[in-house]
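Reading through the structure tokens given below for one structure.
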Amino acid sequence: MWLLLITSVISTFGGAHGLFGKLGPGNPEANMNISQMITYWGYPCQEYEVVTEDGYILGVYRIPHGKNNSENIDAGYDVWLGNSRGNTWSRKNVYFSPDSVEFWAFSFDEMAKYDLPATIDFIVQKTGQEKIHYVGHSQGTTIGFIAFSTNPTLAKKIKTFYALAPVATVKYTQSPLKKISLIPTFLFKLMFGKKMFMPHNYFEDFLGTEVCSREVLNLLCSNTLFIFCGFDKKNLNVSRFDVYLGHNPAGTSVQDFLHWAQLVRSGKLQAFNWGSPFQNMLHYNQKTPPEYDVSAMTVPVAVWNGGNDILADPQDVAMLLPKLSNLLFHKEILGYNHLDFIWAMDAPQEVYNDMISMMAED
């Protein structure tokens, strides 16, 4: 939705070219795929496809070791990058075309039930490790909480769960998601259809490389992005904006977004509501969608959250923490918004160094 604001500004002032100052230096990664970005920085990369039990084909990427002669730079871990169904790198299915409604009939329920187990099982089998560390951000934490609390066999394969900007409930979110959740489901589907929500396309590429890289519009682009995630302008490297918008948003299903809207209204972490008691009975053998019990998760977990995060609101995080039966560590970074955990210039000092230290102690 924030893209609409930029669109209106472009329309008002007559186009982007030549009107908003000179282009900043472009970053080549803005137009690269995952493997290209990894190798661009001198790291090895291996690509795999993991097929889930229900037929989705997920792109999984591995950085098996550090740069050559980089003992003083790299921590020495075998790093795997997973993807959830429907995003740019995981848009294939054994049975359904991504042009079909059937392909997009999923939410984070299926990501937790099928995607995460398939990916983790593949990594464990490929590496021969009995247990691995799991790092999740935002919805990556949500599917972790669900999967590790409902699948004890999977949970035994996790050494520690590192949860960044954790999202279990969104009762107190101040994101525009709260307003959008007021739109009736039938009207939302009329507006956005029943397939992909927030696809990444040429328009986002254009914004990243032609609009947001122009000096005068850096502030505009950062402010509109922060509308959804909270403000921390001083910590954003605007010279990298073409890279960020070159790959985000990566796309998900309309059903996934409707699931989040449901959680805003209910204030609970629960399975997707299929719209009627009859449909819910077919899926869950009960008339209402079941709640997920995070307290059933015994995996050791470390949590970092942002004090200025309007999506993973501190009040929701405060509700989550007492339910974590094996909480090893918690740190609230007062100035952080939702995206600072992956984009902030001081994220290594505030988050990653502690994480690496914890892994080394394990």
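As shown in the structure tokens, the chain order sets the letters A, B, ...; within each chain, residues go from 1, and ligands are also counted from 1 in the order they appear.
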
*Would you please extract all strand (DSSP E or B) residues from region 79-306 of chain A, as assigned by DSSP on the backbone, and give them as a ChimeraX atom specification?*
/A:79-81,92-93,132-137,158-164,196-197,214,252-253,270,291,301-306

*Show which residues sit within 12 Å of Tyr95 (chain A), as a VMD selection string. Count only C-alpha atoms, and ignore same-chain residues fewer than 4 positions away.*
chain A and resid 51 to 57 99 to 100 102 to 103

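Excluding Trp89 (chain A) itself and any same-chain residue fewer than 5 positions from it, the protein and nucleic acid residues within 9 Å of it, counting only C-alpha atoms, are Asn33, Ile34, Leu58, Gly59, Val60, Asn83, Ser84 and Ala250 of chain A.
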
*Would you list the contacts of region 117-123 of chain A as JSON, numbers by chain, taking every protein, DNA or RNA residue within 7 Å and counting only C-alpha atoms, but skipping same-chain residues closer than 2 positions in sequence?*
{"A": [50, 52, 82, 113, 114, 115, 125, 126, 127, 154]}

_For Phe329 (chain A): contacts at 9 Å, only C-alpha atoms, fewer than 3 positions along chain excluded, given as a PyMOL selection string_ = chain A and resi 301-304

Filtering to N, CA, C and O atoms, could you give me those residues as a PDB file, in the first residue's frame?
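File result_23.pdb, as written:
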```pdb
ATOM      1  N   VAL A 301      15.207 -20.958  23.265  1.00  0.00           N
ATOM      2  CA  VAL A 301      14.955 -19.825  22.374  1.00  0.00           C
ATOM      3  C   VAL A 301      15.593 -18.559  22.925  1.00  0.00           C
ATOM      4  O   VAL A 301      15.581 -18.306  24.140  1.00  0.00           O
ATOM      5  N   ALA A 302      16.167 -17.777  22.021  1.00  0.00           N
ATOM      6  CA  ALA A 302      16.713 -16.453  22.343  1.00  0.00           C
ATOM      7  C   ALA A 302      15.925 -15.435  21.536  1.00  0.00           C
ATOM      8  O   ALA A 302      15.679 -15.643  20.348  1.00  0.00           O
ATOM      9  N   VAL A 303      15.535 -14.339  22.179  1.00  0.00           N
ATOM     10  CA  VAL A 303      14.623 -13.372  21.560  1.00  0.00           C
ATOM     11  C   VAL A 303      15.241 -11.986  21.524  1.00  0.00           C
ATOM     12  O   VAL A 303      15.775 -11.500  22.530  1.00  0.00           O
ATOM     13  N   TRP A 304      15.151 -11.347  20.366  1.00  0.00           N
ATOM     14  CA  TRP A 304      15.480  -9.933  20.219  1.00  0.00           C
ATOM     15  C   TRP A 304      14.252  -9.231  19.659  1.00  0.00           C
ATOM     16  O   TRP A 304      13.675  -9.691  18.666  1.00  0.00           O
TER      17      TRP A 304
END
```
